Amino acid sequence: MTPPVNPYDPYARLSIAAFTAIMRVPYQERGVSMEVILTHENTDFDALASLLGASKLYPEAIPVLPRRPNRNLRHFLTLYWDELPFVRADDLPRRPIGRVILVDTQALTQLKGMSSQTKVRIIDHHALAQELAPGTTYSGGETGATTTILVEQISQDRLPLSPIEATLLLLGIYEDTGSLSYPSTTPRDVRCAAWLLEQGANLEVVNKFLHHPLSEEQRQLYDQLLENSQTHEFDGQSVVIAIASAKGYVEEISPLAHKLRDLFEPAALFVLVELDEYTQMVARSSSETIDVAEIAAHFDGGGHGQAAAARIQGQPLAQVQAKLLELLKTHIKPAVTVGQIMSYGVHTLPPDTTVAEAAEMMRRYGHEGFPVEEKGQIVGILTRGQIDRALQLGFDNASVNFYMYKGEVSVCPDDSVQKLQDVMMEHGLGQVPVVEGGEVIGIVTRTDLIKLWSAPPPRPRRAEIAQLIEDALPAPLLELIQKASQTAAQMGYSLYVVGGFVRDLLLRTPTLDLDLVVEGDAIALARRLRRRVGGRVTSHARFGTAKLILDERAFPIPYLDFVTARTEFYEHPTALPQVERSSIKQDLHRRDFTINTLAICLDPDRYGELLDFYGGEQDLKKGLIRVLHSLSFVEDPTRMLRAARLEQRLGFHIEERTEELIGNALDLLDRTTGERIRHELYLILEEEKPEEALCRLDELGVLAQIRPGLKCDDWLRERFRRLRASLEAGSWELATSNQQTHILYLALLTYRLSASDLESLINRLKIASEEATLLRQVNELRSSTSELAEKHRSSAIYRLLKHYSEPAIFVLWIATDAEPVREKLELYHRTLRFVEPEIDGDYLKAMGLKPAPLFGHILSALRDARLDGEVGNLAEEEAFVEKLLAKGGTNRF
């Protein structure tokens, strides 16, 4: 059987590849269903390439060519049709369609053979824009082109490609990413493009069809559109509207839209062309905040956020243009507003503040300037440069009113970043107050702008984050958090969950360790919430913290912590911080590492919004432990221990500059209180494998700085493994069942210290009395191992060990490699310590003896005899005592 040919259409015939695709559908009885691959009409190269990519991954499915491909696609297909698997809808077998694989669109084109039972799988690089119908699934990705998603899988599956196939796939990626130059381009697109070049993709062919010459008719329309193009500004974003009238025009308009977009580089472009019976709209967007499909929908059109079209009937061109302008005014919001990058909460100065006082405020808070406020009005801005100049001139006591930049300069939280830039450039300022309702609510700085420009483009993630929270928290706890959020909103506060919970949530290893930060009064919020959910509140007014103690029968956690957003400053290195109320941004800035600065807003209208001011998520992806600033370890040297603990727990690595800063600040550990070092050390010893962090601290020089002689090596690693194995196996039951494992680890860590070094460490870390006793006992036992090895009589072993606790004996059993010593320790633990004579003090009194120190000597000698096997029952014990008394003494040894 040969494929049918239509000589009147160069690609109406079935290609060999297409014929093969159809023949792969098994011929059985009528009614057997088939699978097809579909895309949108007015097909571009990304859609066509996606059809090809899907056909490689789903060889049983038939890729169906849309009826209206663009002109450059028609020319490409004319040349390369025979090597491609596409099938026209009219050539499909007449069978039911069981499944549709829909690529590069979410709008399903109906074909004969579809029914309500037809399943649909959507593969699209755009975010899901609709609720999925029953039997429909969606998969997508953060890529510049749908083709990229498919090429990744083709590469992973190592499927072969011909040079023509690789070229078409590359065309798909290049067209939708502007040859990898559009802001929506991702590293995934670039990697796939490189791989396709390795598979033989031809860049000469790609360039030819991406820059296809316009026909004469298209050229005339393009010139008219260019002449009638106008640029409009909406909240700092440029939108180009190009209009033309072209009666009798039959060519595609979308290539002209691409050329205009490349020329003007606007945030969005709308092309309006009045044709014979209707007006054609073609829209393109490069901004995530301008959804052209949403605007096209008002004209009964469709598409997706970045590309849309509409056929508008019954409205003259001028009316369409006027309606479009009104829609743009209401639909376009700033891509980023001042409120999204500003710091809430701001310190202001009165104009009579002295230069010296202002300098001290700058030192304390680390600010580069302050708004100057008088009677509730901004009257100027004071910068660090102005303060420095005044100090150099010796005007310490002069009023800042003489040196500040004067004028009422401010922006609003809803203003665009473009307006902020204009204000900064007009007044030559690096920080601008943010005013709302006549009140100064925050400040925005040049640094905020720089971070915005250097950050990757944000994507809407509130729904994703909210779902992660819902999946992570048990229903009662989730309901409690939502009630806390509602209560905070009623009080005019904002509520955030921060730190480790957010970090672990994004790593998909969630915990229930919730830290809630309140932009407002945390204590007042906790008390108000208690009235709704019960429990009791404890608080610490100095730090603005509250703990809501919960009914453990109702909730999976015993309490919920609330903290007032605060900032900290240090009077000197290693000092405890001084605390003042602040904003969430400043609160996060006081934290130790970037990965712990992430926060999620819980406000009802912002629920699920991720706050990442300091690049925490990027460091999560890179697996980095990074401090926020170079003085981090100077302010708190215990962060060195925390860095190693997090590094090893998460499988990350300490960033190079951060490791260098640790080395520079080691000597500051000597000025840090022992209690704080002990706290961090105990947290390490409570990790699953504490030796990993300890050995890292050894590499960094931290262990030796805490106490010379402390070290982590293969010996310690093996002892820690022995300890865990023994505890897990239950091979040694400790007399104190509540003995905490961390002190056993600490005993092994300090095992090789001399007695004097151990005593110094105990005093340095302020180790609790009971724990210190264990460490001392282990140290003494280590010194007695030779003596113990020489003991052969059970009574001698007993007398040597009886004064030591079971945990101390257990640690020696783990630590020593001397098998005779281990055997004797185990003998004592399992047998000797339980041996007691049947005769006791009461029995001796019944024998007519008067209580006296002699009793102790007799009973001790009797136990020794029992231990050594010299007596074995009551009669033998009585004879032993009688014999002992007859000799008039007990000194048998």
# chains A, B, ... in the order shown; residues from 1 in each chain; ligands from 1
>>> residues_around(residues="Lys791 (chain A)", least_positions_apart="6", cutoff="10 Å", atoms="only C-alpha atoms", output="ChimeraX atom specification")
/A:797-798,800,820-821,824
>>> write_last_selection(atoms="N, CA and C atoms", output="compact mmCIF listing (two decimals), in the first residue's frame")
# COMPACT_ATOMS: atom_id res chain seq x y z
N ILE A 797 36.55 -6.65 90.30
CA ILE A 797 35.92 -5.88 89.22
C ILE A 797 34.76 -5.07 89.79
N TYR A 798 33.98 -5.71 90.67
CA TYR A 798 32.83 -5.03 91.25
C TYR A 798 33.26 -3.81 92.07
N LEU A 800 35.90 -2.04 91.81
CA LEU A 800 36.46 -0.96 90.98
C LEU A 800 35.36 -0.15 90.29
N PRO A 820 39.37 -7.34 76.64
CA PRO A 820 39.21 -7.78 78.03
C PRO A 820 38.49 -6.76 78.89
N VAL A 821 38.77 -5.50 78.66
CA VAL A 821 38.09 -4.44 79.42
C VAL A 821 36.60 -4.44 79.07
N LYS A 824 34.77 -7.25 80.79
CA LYS A 824 34.58 -7.05 82.23
C LYS A 824 33.51 -5.98 82.49
>>> select_by_dssp(residues="region 403-462 of chain A", states="strand (DSSP E)", output="list in words")
Tyr405, Lys406, Gln431, Val432, Pro433, Val434, Val435, Glu436, Glu439, Val440, Ile441, Gly442, Ile443, Val444 and Thr445 of chain A
>>> select_by_dssp(residues="region 468-686 of chain A", states="helix (DSSP H, G or I)", output="JSON, numbers by chain")
{"A": [468, 469, 470, 471, 472, 475, 476, 477, 478, 479, 480, 481, 482, 483, 484, 485, 486, 487, 488, 489, 490, 500, 501, 502, 503, 504, 505, 506, 522, 523, 524, 525, 526, 527, 528, 529, 530, 531, 532, 533, 584, 585, 586, 587, 588, 589, 594, 595, 596, 616, 617, 618, 619, 620, 621, 622, 632, 633, 634, 635, 639, 640, 641, 642, 643, 644, 645, 646, 647, 648, 649, 650, 656, 657, 658, 659, 660, 661, 662, 663, 664, 666, 667, 668, 669, 670, 671, 674, 675, 676, 677, 678, 679, 680, 681, 682, 683, 684, 685]}
>>> residues_around(residues="Thr348 (chain A)", least_positions_apart="5", cutoff="7 Å", atoms="only C-alpha atoms", output="ChimeraX atom specification")
/A:370-373
>>> write_last_selection(atoms="N, CA, C and O atoms", output="PDB file, in the first residue's frame")
ATOM      1  N   PHE A 370      17.682  59.221  56.610  1.00  0.00           N
ATOM      2  CA  PHE A 370      16.420  59.293  57.331  1.00  0.00           C
ATOM      3  C   PHE A 370      15.531  60.373  56.712  1.00  0.00           C
ATOM      4  O   PHE A 370      16.025  61.444  56.337  1.00  0.00           O
ATOM      5  N   PRO A 371      14.220  60.127  56.643  1.00  0.00           N
ATOM      6  CA  PRO A 371      13.311  61.228  56.339  1.00  0.00           C
ATOM      7  C   PRO A 371      13.282  62.191  57.531  1.00  0.00           C
ATOM      8  O   PRO A 371      13.360  61.766  58.686  1.00  0.00           O
ATOM      9  N   VAL A 372      13.175  63.468  57.252  1.00  0.00           N
ATOM     10  CA  VAL A 372      13.052  64.473  58.312  1.00  0.00           C
ATOM     11  C   VAL A 372      11.595  64.939  58.313  1.00  0.00           C
ATOM     12  O   VAL A 372      11.059  65.367  57.283  1.00  0.00           O
ATOM     13  N   GLU A 373      10.961  64.826  59.480  1.00  0.00           N
ATOM     14  CA  GLU A 373       9.521  65.042  59.573  1.00  0.00           C
ATOM     15  C   GLU A 373       9.226  66.111  60.626  1.00  0.00           C
ATOM     16  O   GLU A 373       9.818  66.114  61.709  1.00  0.00           O
TER      17      GLU A 373
END
>>> atom_distance(atom1="CA of Thr487 (chain A)", atom2="CA of Ile600 (chain A)")
16.9 Å
>>> residues_around(residues="Trp715 (chain A)", least_positions_apart="6", cutoff="12 Å", atoms="only C-alpha atoms", output="list in words")
Glu691, Cys695, Arg721, Arg722, Leu748, Leu749, Tyr751, Arg752, Ile814, Ala815, Thr816 and Asp817 of chain A
>>> residues_around(residues="Ile122 (chain A)", least_positions_apart="6", cutoff="8 Å", atoms="only C-alpha atoms", output="list in words")
Ile101, Leu102, Val103, Thr105, Gln106, Thr136, Thr137, Tyr138 and Ser139 of chain A
>>> atom_distance(atom1="CA of Asp698 (chain A)", atom2="CA of Asp713 (chain A)")
8.6 Å
>>> closest_residue(among="A:Met281, A:Ile443, A:Leu420, A:Leu317", to="Glu368 (chain A)", atoms="only C-alpha atoms")
A:Ile443
